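**Q** What follows is the file query.cif, containing mmCIF, C-alpha atoms:
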```
data_protein
#
loop_
_atom_site.group_PDB
_atom_site.id
_atom_site.type_symbol
_atom_site.label_atom_id
_atom_site.label_comp_id
_atom_site.auth_asym_id
_atom_site.auth_seq_id
_atom_site.Cartn_x
_atom_site.Cartn_y
_atom_site.Cartn_z
ATOM 1 C CA MET A 1 -73.397 256.285 254.599
ATOM 2 C CA ASP A 2 -75.374 259.355 253.636
ATOM 3 C CA ALA A 3 -73.473 259.641 250.352
ATOM 4 C CA LEU A 4 -74.172 255.999 249.462
ATOM 5 C CA GLU A 5 -77.842 256.339 250.359
ATOM 6 C CA GLY A 6 -78.054 259.473 248.232
ATOM 7 C CA LEU A 7 -76.494 257.644 245.296
ATOM 8 C CA ALA A 8 -78.863 254.701 245.763
ATOM 9 C CA LYS A 9 -81.822 257.116 245.837
ATOM 10 C CA LEU A 10 -80.619 258.788 242.602
ATOM 11 C CA ALA A 11 -80.140 255.376 240.968
ATOM 12 C CA ARG A 12 -83.696 254.315 241.921
ATOM 13 C CA ARG A 13 -85.093 257.568 240.555
ATOM 14 C CA ALA A 14 -83.123 257.151 237.312
ATOM 15 C CA ARG A 15 -84.451 253.603 236.861
ATOM 16 C CA GLU A 16 -88.032 254.795 237.305
ATOM 17 C CA GLU A 17 -87.751 257.485 234.629
ATOM 18 C CA SER A 18 -88.878 256.622 231.145
ATOM 19 C CA THR A 19 -86.312 256.959 228.425
ATOM 20 C CA PRO A 20 -87.295 259.286 225.589
ATOM 21 C CA VAL A 21 -87.437 257.530 222.252
ATOM 22 C CA PHE A 22 -86.474 259.455 219.156
ATOM 23 C CA GLY A 23 -84.695 258.531 215.965
ATOM 24 C CA VAL A 24 -81.844 260.390 214.407
ATOM 25 C CA SER A 25 -81.410 258.090 211.427
ATOM 26 C CA GLU A 26 -83.318 260.354 209.045
ATOM 27 C CA ALA A 27 -81.273 263.423 210.030
ATOM 28 C CA VAL A 28 -78.021 261.491 209.653
ATOM 29 C CA ARG A 29 -79.080 260.120 206.269
ATOM 30 C CA LEU A 30 -79.974 263.599 204.999
ATOM 31 C CA ARG A 31 -76.695 265.020 206.253
ATOM 32 C CA ILE A 32 -74.703 262.270 204.523
ATOM 33 C CA LEU A 33 -76.603 262.783 201.288
ATOM 34 C CA SER A 34 -76.194 266.575 201.407
ATOM 35 C CA GLU A 35 -72.389 266.474 201.658
ATOM 36 C CA ARG A 36 -70.591 266.495 198.360
ATOM 37 C CA PRO A 37 -67.662 264.146 197.951
ATOM 38 C CA GLN A 38 -64.353 265.908 197.585
ATOM 39 C CA ALA A 39 -62.634 265.551 194.248
ATOM 40 C CA THR A 40 -59.466 263.517 194.490
ATOM 41 C CA THR A 41 -56.581 263.903 192.112
ATOM 42 C CA LEU A 42 -53.899 261.340 191.491
ATOM 43 C CA ILE A 43 -51.356 263.850 190.192
ATOM 44 C CA PRO A 44 -49.201 263.890 193.362
ATOM 45 C CA LEU A 45 -49.196 260.100 193.500
ATOM 46 C CA GLY A 46 -48.226 259.851 189.826
ATOM 47 C CA LEU A 47 -45.513 262.449 190.251
ATOM 48 C CA PHE A 48 -44.061 260.625 193.249
ATOM 49 C CA GLY A 49 -44.230 257.310 191.404
ATOM 50 C CA GLY A 50 -42.515 258.775 188.355
ATOM 51 C CA LEU A 51 -39.718 260.310 190.407
ATOM 52 C CA SER A 52 -39.263 257.032 192.278
ATOM 53 C CA ALA A 53 -39.032 255.116 189.013
ATOM 54 C CA LEU A 54 -36.490 257.617 187.670
ATOM 55 C CA ALA A 55 -34.365 257.311 190.822
ATOM 56 C CA ALA A 56 -34.558 253.517 190.655
ATOM 57 C CA SER A 57 -33.474 253.428 187.004
ATOM 58 C CA ILE A 58 -30.517 255.747 187.691
ATOM 59 C CA THR A 59 -29.484 253.609 190.651
ATOM 60 C CA MET A 60 -29.760 250.451 188.556
ATOM 61 C CA ALA A 61 -27.683 251.943 185.724
ATOM 62 C CA LEU A 62 -24.962 252.974 188.168
ATOM 63 C CA ALA A 63 -25.033 249.571 189.846
ATOM 64 C CA VAL A 64 -24.565 247.782 186.515
ATOM 65 C CA GLN A 65 -21.627 250.034 185.608
ATOM 66 C CA PHE A 66 -19.955 249.542 188.975
ATOM 67 C CA TRP A 67 -20.542 245.774 188.736
ATOM 68 C CA ASN A 68 -18.401 245.678 185.583
ATOM 69 C CA TYR A 69 -15.505 247.439 187.344
ATOM 70 C CA MET A 70 -15.639 245.248 190.413
ATOM 71 C CA THR A 71 -13.024 242.505 190.586
ATOM 72 C CA SER A 72 -13.125 239.253 192.467
ATOM 73 C CA PRO A 73 -11.518 239.389 195.935
ATOM 74 C CA VAL A 74 -9.850 236.046 195.263
ATOM 75 C CA MET A 75 -8.158 237.440 192.143
ATOM 76 C CA GLU A 76 -6.701 240.251 194.258
ATOM 77 C CA LEU A 77 -4.928 237.615 196.366
ATOM 78 C CA VAL A 78 -3.516 235.801 193.345
ATOM 79 C CA ALA A 79 -2.750 238.802 191.102
ATOM 80 C CA PRO A 80 0.560 239.867 192.760
ATOM 81 C CA LEU A 81 1.971 236.358 192.282
ATOM 82 C CA PRO A 82 1.385 235.446 188.617
ATOM 83 C CA GLU A 83 4.714 233.678 188.204
ATOM 84 C CA ILE A 84 4.335 231.179 191.034
ATOM 85 C CA ARG A 85 2.786 227.870 190.028
ATOM 86 C CA LEU A 86 0.154 226.694 192.393
ATOM 87 C CA TRP A 87 0.266 223.029 191.290
#
```
As a first step, turn the structure in this file into C-alpha cells.
**A**
Amino acid sequence: MDALEGLAKLARRAREESTPVFGVSEAVRLRILSERPQATTLIPLGLFGGLSALAASITMALAVQFWNYMTSPVMELVAPLPEIRLW
C-alpha cells in the first residue's frame, strides 16, 4: 500500500499546484508569417497528363483498327458451310 499512498500524495500535491498561464499564440503566429510558401510548379503534372493522353490516344487508335479486323464468332460457325441451306 505504500506505493498507492505515495501516488495519492503526489496526486494531492499536483492538484494543489497552480498551473502557469502563458500564451504561445503570438509566437506561433509570427512563425507562420515568417515562413515563405514554397513555389509549386505544375510541370510534372502536365507532363504526366500529356503522356497519359498520348498513351490513351495510341491505345484507342489500335483498338479501332483491331475492331475492324475482328469477325463475329457466329460467322465463324457458319462460314465453313456456305452451301448448306438453313431453311
**Q** Take every atom of range 51-60 of chain A listed in the file, pad by 5 Å on each side, and give me the axis-aligned box centre and edge lengths in Å, one decimal, as lines of an AutoDock Vina configuration file.
**A**
```
center_x = -34.6
center_y = 255.4
center_z = 189.6
size_x = 20.2
size_y = 19.9
size_z = 15.3
```
**Q** May I ask for the distance between CA of Thr41 in chain A and CA of Ile58 in chain A, given in Å to one decimal place?
**A** 27.7 Å
**Q** Residues of range 18-45 of chain A that approach range 50-55 of chain A to 12 Å or less, counting all atoms listed in the file: could you list each one with the shortest pair of atoms and its distance in Å to one decimal, rows by chain and increasing residue number, as CSV?
**A**
```
residue,atom,partner,partner_atom,distance
A:Ile43,CA,A:Gly50,CA,10.4
A:Pro44,CA,A:Gly50,CA,9.8
A:Leu45,CA,A:Gly50,CA,8.5
```
**Q** Please measure the separation of CA of Ile32 in chain A and CA of Pro20 in chain A, giving the value in Å to one decimal.
**A** 24.7 Å
**Q** Output as a compact mmCIF listing (two decimals), keeping the file's coordinate frame: range 31-51 of chain A, completed with N, CA and C atoms.
**A**
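And here is the file that came out, rebuild32.txt:
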```txt
# COMPACT_ATOMS: atom_id res chain seq x y z
N ARG A 31 -77.99 264.34 206.17
CA ARG A 31 -76.69 265.02 206.25
C ARG A 31 -75.65 264.33 205.38
N ILE A 32 -75.65 263.01 205.37
CA ILE A 32 -74.70 262.27 204.52
C ILE A 32 -74.98 262.53 203.05
N LEU A 33 -76.25 262.55 202.68
CA LEU A 33 -76.60 262.78 201.29
C LEU A 33 -76.32 264.22 200.85
N SER A 34 -76.39 265.17 201.78
CA SER A 34 -76.19 266.58 201.41
C SER A 34 -74.72 266.92 201.21
N GLU A 35 -73.82 266.18 201.81
CA GLU A 35 -72.39 266.47 201.66
C GLU A 35 -71.90 266.01 200.30
N ARG A 36 -71.15 266.85 199.66
CA ARG A 36 -70.59 266.50 198.36
C ARG A 36 -69.24 265.83 198.56
N PRO A 37 -68.98 264.77 197.82
CA PRO A 37 -67.66 264.15 197.95
C PRO A 37 -66.58 265.06 197.38
N GLN A 38 -65.45 265.07 198.05
CA GLN A 38 -64.35 265.91 197.58
C GLN A 38 -63.69 265.24 196.39
N ALA A 39 -63.30 266.07 195.44
CA ALA A 39 -62.63 265.55 194.25
C ALA A 39 -61.21 265.16 194.61
N THR A 40 -60.83 263.98 194.21
CA THR A 40 -59.47 263.52 194.49
C THR A 40 -58.69 263.50 193.19
N THR A 41 -57.45 263.92 193.28
CA THR A 41 -56.58 263.90 192.11
C THR A 41 -55.42 262.96 192.39
N LEU A 42 -55.00 262.29 191.37
CA LEU A 42 -53.90 261.34 191.49
C LEU A 42 -52.59 261.92 190.97
N ILE A 43 -52.57 263.22 190.73
CA ILE A 43 -51.36 263.85 190.19
C ILE A 43 -50.19 263.73 191.17
N PRO A 44 -50.35 264.03 192.46
CA PRO A 44 -49.20 263.89 193.36
C PRO A 44 -48.69 262.45 193.45
N LEU A 45 -49.60 261.50 193.44
CA LEU A 45 -49.20 260.10 193.50
C LEU A 45 -48.45 259.70 192.23
N GLY A 46 -48.91 260.14 191.09
CA GLY A 46 -48.23 259.85 189.83
C GLY A 46 -46.87 260.52 189.75
N LEU A 47 -46.79 261.74 190.24
CA LEU A 47 -45.51 262.45 190.25
C LEU A 47 -44.51 261.75 191.16
N PHE A 48 -44.95 261.35 192.33
CA PHE A 48 -44.06 260.62 193.25
C PHE A 48 -43.64 259.28 192.66
N GLY A 49 -44.56 258.59 192.03
CA GLY A 49 -44.23 257.31 191.40
C GLY A 49 -43.24 257.48 190.26
N GLY A 50 -43.43 258.52 189.46
CA GLY A 50 -42.52 258.77 188.36
C GLY A 50 -41.12 259.12 188.83
N LEU A 51 -41.03 259.96 189.86
CA LEU A 51 -39.72 260.31 190.41
C LEU A 51 -39.04 259.09 191.05
```
